[in-house]
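A.B. asks: The following block contains the structure, expressed as structure tokens.
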Protein chains: 2
Amino acid sequence: MRIDGLQYANWSEKIFRQMREGNVDAVHVTIAYHETFRETVLNFEQWNRWFEMYPDLIMKGQWASDIDVARETGRTAIFFGFQNPSPIEDDIGLVEILHTLGARFMQLTYNNQSLLATGCYEAEDAGITRMGRQVIKEMNRVGLVVDMSHSADRSTIEAAEISERPIAITHANPHVWQPALRNKKDDVIRAVTENGGMLGFSLYPHHLKGKSDCSLTDFCQMIADTADRFGVAHLGIGTDLCQDQPDSIVEWMRTGRWSKEIDFGEGSAAAPGFPPMPPWFQDNRHFGNIEQGLREVGMNDDEVAAIMGGNWYRFFSENFGPSAP
Amino acid sequence: MRIDGLQYANWSEKIFRQMREGNVDAVHVTIAYHETFRETVLNFEQWNRWFEMYPDLIMKGQWASDIDVARETGRTAIFFGFQNPSPIEDDIGLVEILHTLGARFMQLTYNNQSLLATGCYEAEDAGITRMGRQVIKEMNRVGLVVDMSHSADRSTIEAAEISERPIAITHANPHVWQPALRNKKDDVIRAVTENGGMLGFSLYPHHLKGKSDCSLTDFCQMIADTADRFGVAHLGIGTDLCQDQPDSIVEWMRTGRWSKEIDFGEGSAAAPGFPPMPPWFQDNRHFGNIEQGLREVGMNDDEVAAIMGGNWYRFFSENFGPSAP
């Protein structure tokens, strides 16, 4: 089973066919960065059209059991998430509305301070806000997973503690391996995994040791080391694949409408665009390389299966439905 | 089984308890008259709160099978609908979005011309519009029932012909019995029922012979006569109960934001408010009176059961899901 914990591609029939070629059973797809509620609904509408147009390639994913259906029918199940809480605006009632529409992950922040928590690019991290505590409780109730991929350390650790259900870092790597601002320090990973949560390993070059030149072996050895330290059961893949996106999109991701100036995020004025993906992971057809790489660094069949999809499957099955009353 | 094809009450725990006292298993509840999409979402949010606050009395209804669950657990299943297409604004993609949120009926018009069809108060009825044809097709695809309760005759007959699935007049009576503008002429009822559709009999006094003074026997004899003429399988109840609403609400229903002048609709300057309900149907506890009245005008057990809920149950079970591909 192959499940990807995050992608944000410029979707097309070509990519849907590549997902089938790569035997990708499910993907968590970002449908909001800075969108308002209404704009996010337009993105749900766009996906409804794709489900109607390509019923043999993709299907809407709501529950882990939809992954079984996708596998039985040779399709990829698409699960939705937001990289920012902008879709709920200032209205906690939208948490349940968006879950009903199919949202399954929501980051409490992107890079900046949000109404709920602090993003990883802020100078000060004041932790989870008053509204943040209320929204985490509501997300727990309905089954919308707290994702802290872009949040600052204190906010992330507090979210893991406050949340009564496991949380996730869908796409990041250990800071100890590659000290990028977006990668996660040990105490952050520990807080998330001890609470039953998940870390999805990112293939976004800024998160890799050596960036685009990172070797498959280095990447897979890092996964094996992280499994030794935090337990293989809490780890999956979250490629952060942004396939076929023009560079204007990385500008939208970083700057949204919050600034009139350009923010280069993990890039720079000299290299403002998307960095090239490593040659061994260009698109959805290359998941087999990671699987092979994990074997070559000594992981056994069960461990490889858990990392490639089994852990996300279990996590989806336990965290997408309403909490027990 | 007791199913009401339309209510628009000022909802409260008191009314939810009266629904249980009256053994009402399911109600189609109006949650939009003139609301925009976002305002309609706020109304879904309000209902989510009520489902959370009163889990022993009410539950969200999405499918006919939810009525079985409601009966087994002693609750009333609440199904949602709109009396106007204003919630979809000018965006056909919102049809599926709103169906996903739980909408199961949508009137193509309230009293005025809409983007889709003509309402019963317009001087000219030009029939189903270009967008109307597209929206009917989309409603058919996803399982959102076309309701023509407030639409003009030609528009209604055309909707019945264009729709590939049965349509409904959720709340109105035969014009031949009480010649109110909102009651339906024979050729309209015929077009709807011949297409497999449903007529729900209204208890709104302006739709009754003798208005608030209409007798239970007169009402039930009218139902028996309509069954003889159009077939008992196409008939149900749609009380149009607007319990505990202040008169400001009937002004909102009639005038929305489309006029700065007051439109009295079926009322008048002398009697602008809600008319008093007949003494034998004051609220949800009185469904038993109708059941008894139907027996007294000679309907047998099967016919009474069909009218009181069996027909709506069958209609719900056939028309709320996606069309076969």
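Chain labels follow the order of the structure tokens: the first chain is A, the next B, and so on; residue numbering restarts at 1 in every chain, and ligands are counted from 1 in their shown order.
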Would you give me, as a compact mmCIF listing (two decimals) with N, CA and C atoms, in the first residue's frame, the residues of chain B that come within 9 Å of chain A, using only C-alpha atoms?

C.D. replies:
```
# COMPACT_ATOMS: atom_id res chain seq x y z
N PHE B 37 -25.19 31.69 -0.43
CA PHE B 37 -24.49 30.45 -0.06
C PHE B 37 -23.95 30.55 1.36
N ARG B 38 -23.22 31.62 1.65
CA ARG B 38 -22.58 31.72 2.97
C ARG B 38 -23.62 31.77 4.09
N VAL B 41 -24.87 28.35 4.69
CA VAL B 41 -23.90 27.57 5.48
C VAL B 41 -24.05 27.90 6.97
N LEU B 42 -24.29 29.16 7.30
CA LEU B 42 -24.54 29.51 8.71
C LEU B 42 -25.75 28.75 9.25
N PHE B 44 -26.78 25.75 8.17
CA PHE B 44 -26.29 24.37 8.42
C PHE B 44 -25.53 24.33 9.75
N GLU B 45 -24.71 25.34 9.99
CA GLU B 45 -23.94 25.39 11.24
C GLU B 45 -24.87 25.40 12.46
N GLN B 46 -25.93 26.20 12.37
CA GLN B 46 -26.88 26.27 13.49
C GLN B 46 -27.48 24.90 13.76
N ASN B 48 -26.08 22.00 13.03
CA ASN B 48 -25.04 21.14 13.63
C ASN B 48 -25.01 21.34 15.14
N ARG B 49 -25.17 22.60 15.58
CA ARG B 49 -25.18 22.86 17.03
C ARG B 49 -26.38 22.17 17.68
N GLY B 93 -21.65 24.58 -9.54
CA GLY B 93 -20.84 23.70 -8.70
C GLY B 93 -21.35 23.63 -7.27
N LEU B 94 -22.10 24.63 -6.85
CA LEU B 94 -22.64 24.61 -5.48
C LEU B 94 -23.77 23.60 -5.30
N GLU B 96 -23.66 20.36 -6.01
CA GLU B 96 -23.06 19.18 -5.38
C GLU B 96 -22.55 19.51 -3.98
N ILE B 97 -21.94 20.70 -3.82
CA ILE B 97 -21.43 21.10 -2.51
C ILE B 97 -22.58 21.09 -1.48
N LEU B 98 -23.70 21.66 -1.84
CA LEU B 98 -24.82 21.75 -0.90
C LEU B 98 -25.46 20.38 -0.66
N THR B 100 -23.71 17.64 -0.65
CA THR B 100 -22.76 17.02 0.29
C THR B 100 -23.02 17.50 1.71
N LEU B 101 -23.37 18.77 1.86
CA LEU B 101 -23.67 19.29 3.20
C LEU B 101 -25.01 18.79 3.74
N GLY B 102 -25.84 18.22 2.87
CA GLY B 102 -27.08 17.62 3.35
C GLY B 102 -28.35 18.14 2.71
```

A.B. asks: Can you pull out the residues contacting segment 67-80 of chain A? Cut-off 8 Å, using only C-alpha atoms, and skip same-chain residues under 2 positions away; I want them as an MDAnalysis selection string.

C.D. replies: chainID A and resid 16 19:20 24:31 56:65 82 102:105

A.B. asks: Please give the complete set of residues from segment 184-267 of chain A that DSSP, run on the backbone, assigns to strand (DSSP E), formatted as an MDAnalysis selection string.

C.D. replies: chainID A and resid 198:201 235:237

A.B. asks: Between A:Ser212, A:Gln178, A:Gln113, A:Thr40, which is the closest to Pro87 of chain A once you count only C-alpha atoms?

C.D. replies: A:Thr40

A.B. asks: Can you list, as a list in words, every protein, DNA or RNA residue that comes within 7 Å of segment 266-279 of chain B when you count only C-alpha atoms, leaving out same-chain residues fewer than 5 positions away?

C.D. replies: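 Once the adjacent positions are removed, what remains is Tyr204, Pro205, His206, Ser212, Asp213, Cys214, Asp247 and Val250 of chain B.
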
A.B. asks: Using only C-alpha atoms, determine which residues lie at most 10 Å from Phe315 of chain A, disregarding the query and same-chain residues fewer than 2 positions distant; provide the list as number ranges by chain.

C.D. replies: A: 64, 145, 166-168, 196-198, 233-234, 309-313, 317-320

A.B. asks: Out of B:Lys209, B:His286, B:His34, B:His175, which residue has the shortest atom-to-atom distance to Asp4 of chain B when counting only C-alpha atoms?

C.D. replies: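 Between B:Lys209, B:His286, B:His34, B:His175, the residue approaching Asp4 of chain B most closely is B:His286.
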
A.B. asks: So that I can check the secondary structure, give me every residue of segment 86-300 of chain B assigned helix (DSSP H, G or I) by backbone DSSP, as a PyMOL selection string.

C.D. replies: chain B and resi 86-88+93-101+130-142+153-162+186-194+205-207+211-213+216-230+232-234+247-255+284-296

A.B. asks: From the set A:Glu21, A:Asp283, A:Glu138, A:Asp187, which residue has the shortest atom-to-atom contact distance to Leu203 of chain A, counting only C-alpha atoms?

C.D. replies: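 Ranked by minimum distance to Leu203 of chain A, first place goes to A:Asp283.
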
A.B. asks: Report as a VMD selection string all protein, DNA and RNA residues lying within 10 Å of segment 108-110 of chain B, evaluated on only C-alpha atoms, omitting residues in the same chain fewer than 3 positions from it.

C.D. replies: chain B and resid 33 to 34 82 to 86 105 113 to 121 128 132 135 to 136 145 to 152 155 to 156 159 253 to 254

A.B. asks: What's the 10 Å shell around Ala305 of chain A, counting only C-alpha atoms, without same-chain residues fewer than 6 positions away, as a ChimeraX atom specification?

C.D. replies: /A:1-2,236,291,294,299,311

A.B. asks: Can you spit out the residues from that selection as a compact mmCIF listing (two decimals), in the first residue's frame, using C-alpha atoms?

C.D. replies:
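Just written: part06.txt:
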```txt
# COMPACT_ATOMS: atom_id res chain seq x y z
CA MET A 1 0.00 0.00 0.00
CA ARG A 2 1.33 3.43 -0.95
CA GLY A 236 5.18 7.83 6.72
CA GLU A 291 10.62 1.44 -1.25
CA LEU A 294 14.44 1.55 2.42
CA MET A 299 14.57 -2.15 6.80
CA ASN A 311 0.99 3.71 9.14
```

A.B. asks: Which of these, B:Asp66, B:Glu39, B:Asp228, B:Asp244, has the shortest distance to Gly298 of chain B once you count only C-alpha atoms?

C.D. replies: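 For Gly298 of chain B, the nearest of the given residues is B:Asp228.
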
A.B. asks: If I take atom CA of Asn284 of chain B and atom CA of Gly22 of chain B, how far is one from the other in Å, to one decimal?

C.D. replies: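 One can read the atom CA of Asn284 of chain B to atom CA of Gly22 of chain B distance as 5.4 Å.
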